[in-house]
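The data block below is run29.pdb; it holds PDB, C-alpha atoms.
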```
ATOM      1  CA  MET A  27      86.589 124.476  77.640  1.00  0.00           C
ATOM      2  CA  THR A  28      85.321 126.498  80.542  1.00  0.00           C
ATOM      3  CA  GLY A  29      83.377 129.734  80.384  1.00  0.00           C
ATOM      4  CA  PHE A  30      86.514 131.646  81.326  1.00  0.00           C
ATOM      5  CA  ASP A  31      88.415 130.149  78.378  1.00  0.00           C
ATOM      6  CA  ILE A  32      85.650 131.030  75.937  1.00  0.00           C
ATOM      7  CA  THR A  33      85.567 134.587  77.304  1.00  0.00           C
ATOM      8  CA  MET A  34      89.344 134.905  76.939  1.00  0.00           C
ATOM      9  CA  ILE A  35      89.187 133.660  73.346  1.00  0.00           C
ATOM     10  CA  ILE A  36      86.432 136.146  72.485  1.00  0.00           C
ATOM     11  CA  VAL A  37      88.431 138.997  74.052  1.00  0.00           C
ATOM     12  CA  LEU A  38      91.550 137.971  72.078  1.00  0.00           C
ATOM     13  CA  ILE A  39      89.608 137.803  68.821  1.00  0.00           C
ATOM     14  CA  ALA A  40      88.028 141.225  69.514  1.00  0.00           C
ATOM     15  CA  LEU A  41      91.460 142.748  70.195  1.00  0.00           C
ATOM     16  CA  ILE A  42      92.858 141.257  67.007  1.00  0.00           C
ATOM     17  CA  ILE A  43      89.912 142.508  64.955  1.00  0.00           C
ATOM     18  CA  ARG A  44      90.301 145.977  66.483  1.00  0.00           C
ATOM     19  CA  ALA A  45      94.052 145.989  65.735  1.00  0.00           C
ATOM     20  CA  ALA A  46      93.388 144.741  62.186  1.00  0.00           C
ATOM     21  CA  MET A  47      90.816 147.485  61.590  1.00  0.00           C
ATOM     22  CA  TYR A  48      93.254 150.108  62.856  1.00  0.00           C
ATOM     23  CA  LEU A  49      96.089 148.788  60.711  1.00  0.00           C
ATOM     24  CA  TYR A  50      93.817 148.228  57.695  1.00  0.00           C
ATOM     25  CA  SER A  51      93.206 151.912  57.544  1.00  0.00           C
ATOM     26  CA  GLY A  52      96.953 152.204  56.920  1.00  0.00           C
ATOM     27  CA  GLY A  53      96.850 149.485  54.213  1.00  0.00           C
ATOM     28  CA  VAL A  54      98.820 146.780  56.016  1.00  0.00           C
ATOM     29  CA  LEU A  55      96.075 144.162  56.508  1.00  0.00           C
ATOM     30  CA  PHE A  56      98.063 141.310  54.971  1.00  0.00           C
ATOM     31  CA  ALA A  57     101.001 141.961  57.332  1.00  0.00           C
ATOM     32  CA  VAL A  58      98.618 142.025  60.305  1.00  0.00           C
ATOM     33  CA  ILE A  59      97.120 138.684  59.353  1.00  0.00           C
ATOM     34  CA  LEU A  60     100.570 137.147  58.963  1.00  0.00           C
ATOM     35  CA  ILE A  61     101.695 138.454  62.359  1.00  0.00           C
ATOM     36  CA  PHE A  62      98.594 137.856  64.472  1.00  0.00           C
ATOM     37  CA  THR A  63      97.474 134.439  63.161  1.00  0.00           C
ATOM     38  CA  PRO A  64     100.361 132.474  64.777  1.00  0.00           C
ATOM     39  CA  ILE A  65      99.983 134.498  67.981  1.00  0.00           C
ATOM     40  CA  VAL A  66      96.280 133.680  68.252  1.00  0.00           C
ATOM     41  CA  ALA A  67      96.898 130.020  67.417  1.00  0.00           C
ATOM     42  CA  GLY A  68      99.633 129.831  70.072  1.00  0.00           C
ATOM     43  CA  LEU A  69      97.415 131.448  72.697  1.00  0.00           C
ATOM     44  CA  LEU A  70      94.563 129.066  71.916  1.00  0.00           C
ATOM     45  CA  LEU A  71      96.900 126.065  72.197  1.00  0.00           C
ATOM     46  CA  LEU A  72      98.253 127.379  75.495  1.00  0.00           C
ATOM     47  CA  VAL A  73      94.741 127.766  76.934  1.00  0.00           C
ATOM     48  CA  HIS A  74      93.864 124.250  75.764  1.00  0.00           C
ATOM     49  CA  LYS A  75      97.042 122.761  77.278  1.00  0.00           C
ATOM     50  CA  ILE A  76      96.430 124.472  80.631  1.00  0.00           C
ATOM     51  CA  ASN A  77      92.854 123.190  80.731  1.00  0.00           C
ATOM     52  CA  THR A  78      93.903 119.654  79.851  1.00  0.00           C
ATOM     53  CA  ARG A  79      96.507 119.678  82.614  1.00  0.00           C
ATOM     54  CA  LYS A  80      93.977 121.007  85.151  1.00  0.00           C
ATOM     55  CA  GLN A  81      91.430 118.344  84.204  1.00  0.00           C
ATOM     56  CA  ARG A  82      94.023 115.555  84.449  1.00  0.00           C
ATOM     57  CA  LYS A  83      95.127 116.780  87.881  1.00  0.00           C
ATOM     58  CA  LYS A  84      91.522 116.968  89.135  1.00  0.00           C
ATOM     59  CA  GLN A  85      90.857 113.451  87.864  1.00  0.00           C
ATOM     60  CA  GLN A  86      93.939 112.041  89.627  1.00  0.00           C
ATOM     61  CA  GLU A  87      93.024 113.829  92.858  1.00  0.00           C
ATOM     62  CA  SER A  88      89.469 112.483  92.746  1.00  0.00           C
ATOM     63  CA  GLU A  89      90.745 108.930  92.112  1.00  0.00           C
ATOM     64  CA  LEU A  90      93.107 109.175  95.086  1.00  0.00           C
ATOM     65  CA  LEU A  91      90.412 110.637  97.304  1.00  0.00           C
ATOM     66  CA  THR A  92      87.957 107.904  96.316  1.00  0.00           C
ATOM     67  CA  GLU A  93      90.500 105.190  97.064  1.00  0.00           C
ATOM     68  CA  GLU A  94      91.379 106.712 100.452  1.00  0.00           C
ATOM     69  CA  ILE A  95      87.702 107.033 101.389  1.00  0.00           C
ATOM     70  CA  GLN A  96      87.124 103.385 100.465  1.00  0.00           C
ATOM     71  CA  GLU A  97      90.148 102.395 102.559  1.00  0.00           C
ATOM     72  CA  ILE A  98      88.871 104.356 105.563  1.00  0.00           C
ATOM     73  CA  PHE A  99      85.330 102.986 105.357  1.00  0.00           C
ATOM     74  CA  GLY A 100      86.651  99.467 104.835  1.00  0.00           C
ATOM     75  CA  ARG A 101      88.770  99.736 107.988  1.00  0.00           C
ATOM     76  CA  MET A 102      85.869 101.246 109.939  1.00  0.00           C
ATOM     77  CA  HIS A 103      83.625  98.376 108.819  1.00  0.00           C
ATOM     78  CA  GLN A 104      86.297  95.841 109.736  1.00  0.00           C
ATOM     79  CA  TYR A 105      86.807  97.235 113.247  1.00  0.00           C
ATOM     80  CA  SER A 106      83.070  97.717 113.851  1.00  0.00           C
ATOM     81  CA  ASP A 107      82.568  94.020 113.023  1.00  0.00           C
ATOM     82  CA  ASP A 108      85.271  93.160 115.568  1.00  0.00           C
ATOM     83  CA  ALA A 109      83.619  95.351 118.201  1.00  0.00           C
ATOM     84  CA  GLN A 110      80.222  93.785 117.528  1.00  0.00           C
ATOM     85  CA  ALA A 111      81.741  90.295 117.850  1.00  0.00           C
ATOM     86  CA  ALA A 112      83.389  91.248 121.165  1.00  0.00           C
ATOM     87  CA  ILE A 113      80.066  92.546 122.513  1.00  0.00           C
ATOM     88  CA  GLU A 114      78.299  89.351 121.447  1.00  0.00           C
ATOM     89  CA  TYR A 115      81.054  87.278 123.098  1.00  0.00           C
ATOM     90  CA  MET A 116      80.650  89.172 126.374  1.00  0.00           C
ATOM     91  CA  GLN A 117      76.875  88.713 126.237  1.00  0.00           C
ATOM     92  CA  GLY A 118      77.350  84.976 125.725  1.00  0.00           C
ATOM     93  CA  LYS A 119      75.827  84.989 122.222  1.00  0.00           C
ATOM     94  CA  ARG A 120      79.132  84.029 120.647  1.00  0.00           C
ATOM     95  CA  LYS A 121      81.710  81.395 121.558  1.00  0.00           C
ATOM     96  CA  ASP A 122      84.831  82.880 119.902  1.00  0.00           C
ATOM     97  CA  LEU A 123      86.455  86.275 119.612  1.00  0.00           C
ATOM     98  CA  PRO A 124      87.469  87.850 116.296  1.00  0.00           C
ATOM     99  CA  PRO A 125      91.105  87.346 115.292  1.00  0.00           C
ATOM    100  CA  ASP A 126      93.557  89.845 116.671  1.00  0.00           C
ATOM    101  CA  ARG A 127      94.411  92.640 114.289  1.00  0.00           C
ATOM    102  CA  PRO A 128      97.442  94.814 114.869  1.00  0.00           C
ATOM    103  CA  ILE A 129      96.764  98.356 115.980  1.00  0.00           C
ATOM    104  CA  PRO A 130      98.027 100.849 113.382  1.00  0.00           C
ATOM    105  CA  LEU A 131     100.831 103.111 114.571  1.00  0.00           C
ATOM    106  CA  ARG A 132     100.590 106.870 114.387  1.00  0.00           C
ATOM    107  CA  GLU A 133     102.705 108.563 111.715  1.00  0.00           C
ATOM    108  CA  GLU A 134     105.367 109.712 114.192  1.00  0.00           C
ATOM    109  CA  GLU A 135     105.752 106.158 115.602  1.00  0.00           C
ATOM    110  CA  ILE A 136     106.495 104.509 112.255  1.00  0.00           C
ATOM    111  CA  VAL A 137     110.137 103.461 111.934  1.00  0.00           C
ATOM    112  CA  ILE A 138     111.562 103.328 108.412  1.00  0.00           C
ATOM    113  CA  ASN A 139     115.212 102.731 107.601  1.00  0.00           C
ATOM    114  CA  PRO A 140     116.236 105.314 104.959  1.00  0.00           C
ATOM    115  CA  LYS A 141     119.029 102.967 103.782  1.00  0.00           C
ATOM    116  CA  ASP A 142     116.464 100.386 102.612  1.00  0.00           C
ATOM    117  CA  SER A 143     115.172 100.317  99.052  1.00  0.00           C
ATOM    118  CA  LEU A 144     112.030 102.327  98.345  1.00  0.00           C
ATOM    119  CA  GLU A 145     110.000  99.127  98.094  1.00  0.00           C
ATOM    120  CA  ASP A 146     111.221  97.958 101.521  1.00  0.00           C
ATOM    121  CA  GLN A 147     110.414 101.365 102.991  1.00  0.00           C
ATOM    122  CA  VAL A 148     106.882 101.189 101.569  1.00  0.00           C
ATOM    123  CA  ILE A 149     106.458  97.656 102.979  1.00  0.00           C
ATOM    124  CA  ALA A 150     107.550  98.869 106.422  1.00  0.00           C
ATOM    125  CA  TYR A 151     105.134 101.810 106.176  1.00  0.00           C
ATOM    126  CA  ILE A 152     102.213  99.583 105.131  1.00  0.00           C
ATOM    127  CA  LEU A 153     102.816  96.997 107.847  1.00  0.00           C
ATOM    128  CA  GLN A 154     103.241  99.547 110.617  1.00  0.00           C
ATOM    129  CA  SER A 155     100.438 101.924 109.611  1.00  0.00           C
ATOM    130  CA  GLN A 156      98.094  99.089 108.533  1.00  0.00           C
ATOM    131  CA  THR A 157      97.029 101.076 105.469  1.00  0.00           C
ATOM    132  CA  THR A 158      97.529 100.458 101.775  1.00  0.00           C
ATOM    133  CA  ALA A 159      96.082 103.743 100.508  1.00  0.00           C
ATOM    134  CA  VAL A 160      98.008 104.934  97.450  1.00  0.00           C
ATOM    135  CA  GLY A 161      97.530 108.584  98.411  1.00  0.00           C
ATOM    136  CA  GLY A 162      99.175 108.084 101.792  1.00  0.00           C
ATOM    137  CA  ILE A 163     102.105 106.294 100.196  1.00  0.00           C
ATOM    138  CA  GLN A 164     102.474 109.077  97.614  1.00  0.00           C
ATOM    139  CA  ARG A 165     102.532 111.777 100.284  1.00  0.00           C
ATOM    140  CA  ARG A 166     104.846 109.898 102.641  1.00  0.00           C
ATOM    141  CA  PHE A 167     107.454 109.001 100.000  1.00  0.00           C
ATOM    142  CA  ARG A 168     106.845 111.919  97.603  1.00  0.00           C
ATOM    143  CA  ILE A 169     106.319 109.745  94.554  1.00  0.00           C
ATOM    144  CA  GLY A 170     103.824 109.882  91.700  1.00  0.00           C
ATOM    145  CA  LEU A 171     100.679 107.802  91.305  1.00  0.00           C
ATOM    146  CA  PRO A 172     102.039 105.378  88.660  1.00  0.00           C
ATOM    147  CA  LYS A 173     105.151 104.618  90.708  1.00  0.00           C
ATOM    148  CA  ALA A 174     103.129 104.070  93.899  1.00  0.00           C
ATOM    149  CA  GLN A 175     100.772 101.703  92.081  1.00  0.00           C
ATOM    150  CA  ARG A 176     103.688  99.754  90.573  1.00  0.00           C
ATOM    151  CA  ILE A 177     105.247  99.343  94.020  1.00  0.00           C
ATOM    152  CA  LEU A 178     101.926  98.140  95.472  1.00  0.00           C
ATOM    153  CA  ASP A 179     101.581  95.662  92.596  1.00  0.00           C
ATOM    154  CA  ARG A 180     105.054  94.259  93.342  1.00  0.00           C
ATOM    155  CA  ILE A 181     104.254  94.017  97.067  1.00  0.00           C
ATOM    156  CA  GLU A 182     101.014  92.230  96.160  1.00  0.00           C
ATOM    157  CA  ALA A 183     102.988  89.805  93.949  1.00  0.00           C
ATOM    158  CA  LEU A 184     105.168  88.981  96.968  1.00  0.00           C
ATOM    159  CA  GLY A 185     102.021  88.053  98.915  1.00  0.00           C
ATOM    160  CA  ILE A 186     102.464  90.706 101.583  1.00  0.00           C
ATOM    161  CA  ILE A 187      99.161  92.413 100.740  1.00  0.00           C
ATOM    162  CA  GLY A 188      96.002  91.147  99.062  1.00  0.00           C
ATOM    163  CA  GLU A 189      94.399  92.124  95.780  1.00  0.00           C
ATOM    164  CA  TYR A 190      92.882  95.542  95.184  1.00  0.00           C
ATOM    165  CA  SER A 191      89.116  95.699  95.654  1.00  0.00           C
ATOM    166  CA  THR A 192      86.808  98.679  95.262  1.00  0.00           C
ATOM    167  CA  THR A 193      84.645  97.679  98.239  1.00  0.00           C
ATOM    168  CA  THR A 194      87.177  96.655 100.896  1.00  0.00           C
ATOM    169  CA  PRO A 195      90.746  97.655 101.718  1.00  0.00           C
ATOM    170  CA  ARG A 196      93.575  95.378 100.645  1.00  0.00           C
ATOM    171  CA  GLU A 197      94.216  92.641 103.157  1.00  0.00           C
ATOM    172  CA  ILE A 198      97.580  92.750 104.903  1.00  0.00           C
ATOM    173  CA  ASN A 199      98.790  89.147 105.031  1.00  0.00           C
ATOM    174  CA  VAL A 200     101.862  89.420 107.283  1.00  0.00           C
ATOM    175  CA  SER A 201     102.729  91.384 110.407  1.00  0.00           C
ATOM    176  CA  TYR A 202     105.696  93.713 110.624  1.00  0.00           C
ATOM    177  CA  GLU A 203     107.542  91.240 112.859  1.00  0.00           C
ATOM    178  CA  GLU A 204     106.898  88.362 110.424  1.00  0.00           C
ATOM    179  CA  TRP A 205     108.172  90.494 107.569  1.00  0.00           C
ATOM    180  CA  LEU A 206     111.382  91.317 109.467  1.00  0.00           C
ATOM    181  CA  GLU A 207     111.916  87.587 110.056  1.00  0.00           C
ATOM    182  CA  LYS A 208     111.148  86.583 106.443  1.00  0.00           C
ATOM    183  CA  ARG A 209     112.765  89.590 104.781  1.00  0.00           C
ATOM    184  CA  SER A 210     115.608  87.610 103.237  1.00  0.00           C
ATOM    185  CA  TYR A 211     113.049  85.193 101.759  1.00  0.00           C
ATOM    186  CA  TYR A 212     111.141  88.108 100.188  1.00  0.00           C
ATOM    187  CA  GLU A 213     114.384  89.568  98.864  1.00  0.00           C
ATOM    188  CA  ALA A 214     115.176  86.228  97.218  1.00  0.00           C
ATOM    189  CA  LEU A 215     111.697  86.223  95.633  1.00  0.00           C
ATOM    190  CA  ARG A 216     112.287  89.749  94.396  1.00  0.00           C
ATOM    191  CA  MET A 217     115.623  88.772  92.858  1.00  0.00           C
ATOM    192  CA  GLU A 218     113.972  85.942  90.902  1.00  0.00           C
ATOM    193  CA  ARG A 219     111.634  88.388  89.142  1.00  0.00           C
TER
END
```
structure tokens encoding of this file:
Amino acid sequence: MTGFDITMIIVLIALIIRAAMYLYSGGVLFAVILIFTPIVAGLLLLVHKINTRKQRKKQQESELLTEEIQEIFGRMHQYSDDAQAAIEYMQGKRKDLPPDRPIPLREEEIVINPKDSLEDQVIAYILQSQTTAVGGIQRRFRIGLPKAQRILDRIEALGIIGEYSTTTPREINVSYEEWLEKRSYYEALRMER
């Protein structure tokens, strides 16, 4: 409970005591207790429920934020390694260049067919934006955290993305073009499950 909740409870109890003292002078204390006890209990339960909901929401937001930050730093680390390798190649310190990685598209450039299933839409979003952040998927498709995580787990089971790791972003194993070519194969895999 927060300080505000404790203050509100104290104020409610003080008001009830004051009302009981006023009514006691009229000889109706038992009636007051019968009337105000359920009201106080209901108000206390309401305050507790509101606090629990607020805490749960804050916890979910912090989990999403942490995951998105890890995704961003993982991508930054990945691209900085590529840049360092390119510099070393140009200086003659290195014989090979890093593998080509697709450039993520901006949000307005991503093409998603609204007639596709939600899972196919999420796959298209991931492969075009090159991000697997749950928060981004939730915002884009307006779905809850559990549903977004279930979809990512199914996409991982198909082999399109790698396993979740707390230190690096999920690896994206196929390109958007490869997925379009192999889409019927993935749909057959999905039907087997």
(request) Could you please determine the separation between atom CA of Thr194 of chain A and atom CA of Glu93 of chain A in Å, to one decimal place? (result) 9.9 Å
(request) Might you pull out every residue within 12 Å of Lys173 of chain A, with only C-alpha atoms counted and same-chain residues fewer than 2 positions away left off, and present them as an MDAnalysis selection string? (result) chainID A and resid 144:145 148 160:161 163:164 167:171 175:180
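Here atom CA of His74 of chain A and atom CA of Thr33 of chain A stand 13.3 Å from one another.
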(message) With distances taken over only C-alpha atoms, which residue among A:Gln86, A:Gln117, A:Thr92, A:Gln154 lies nearest Tyr202 of chain A?
(response) A:Gln154
Show which residues sit within 10 Å of segment 135-141 of chain A, as a PDB file with C-alpha atoms, in the frame of the given file. Count all atoms listed in the file, and ignore same-chain residues fewer than 5 positions away.
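So the final result, stored in part_6.pdb, reads:
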```pdb
ATOM      1  CA  PRO A 130      98.027 100.849 113.382  1.00  0.00           C
ATOM      2  CA  ASP A 146     111.221  97.958 101.521  1.00  0.00           C
ATOM      3  CA  GLN A 147     110.414 101.365 102.991  1.00  0.00           C
ATOM      4  CA  VAL A 148     106.882 101.189 101.569  1.00  0.00           C
ATOM      5  CA  ILE A 149     106.458  97.656 102.979  1.00  0.00           C
ATOM      6  CA  ALA A 150     107.550  98.869 106.422  1.00  0.00           C
ATOM      7  CA  TYR A 151     105.134 101.810 106.176  1.00  0.00           C
ATOM      8  CA  ILE A 152     102.213  99.583 105.131  1.00  0.00           C
ATOM      9  CA  LEU A 153     102.816  96.997 107.847  1.00  0.00           C
ATOM     10  CA  GLN A 154     103.241  99.547 110.617  1.00  0.00           C
ATOM     11  CA  SER A 155     100.438 101.924 109.611  1.00  0.00           C
TER      12      SER A 155
END
```
(request) Measure the distance from atom CA of Glu94 of chain A to atom CA of Asp142 of chain A in Å and round it to one decimal. (result) 26.0 Å
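Each of A:Gly29, A:Ser210, A:Trp205, A:Ala45 was checked against Ile61 of chain A using all atoms listed in the file; the smallest atom-to-atom distance is that of A:Ala45.
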(request) Kindly resolve the PyMOL selection byres ((chain A and resi 197) around 9) on the present coordinates and return the residues as a VMD selection string. (result) chain A and resid 158 186 to 190 194 to 196 198 to 199
(message) Could you tell me, as a PyMOL selection string, exactly which residues end up selected when the PyMOL selection byres ((chain A and resi 70) around 12) is applied to this structure?
(response) chain A and resi 27+31-39+63-69+71-77
(request) Using only C-alpha atoms, find the one residue out of A:Leu206, A:Ala159, A:Met217, A:Ala183 that sits nearest to Leu90 of chain A. (result) A:Ala159
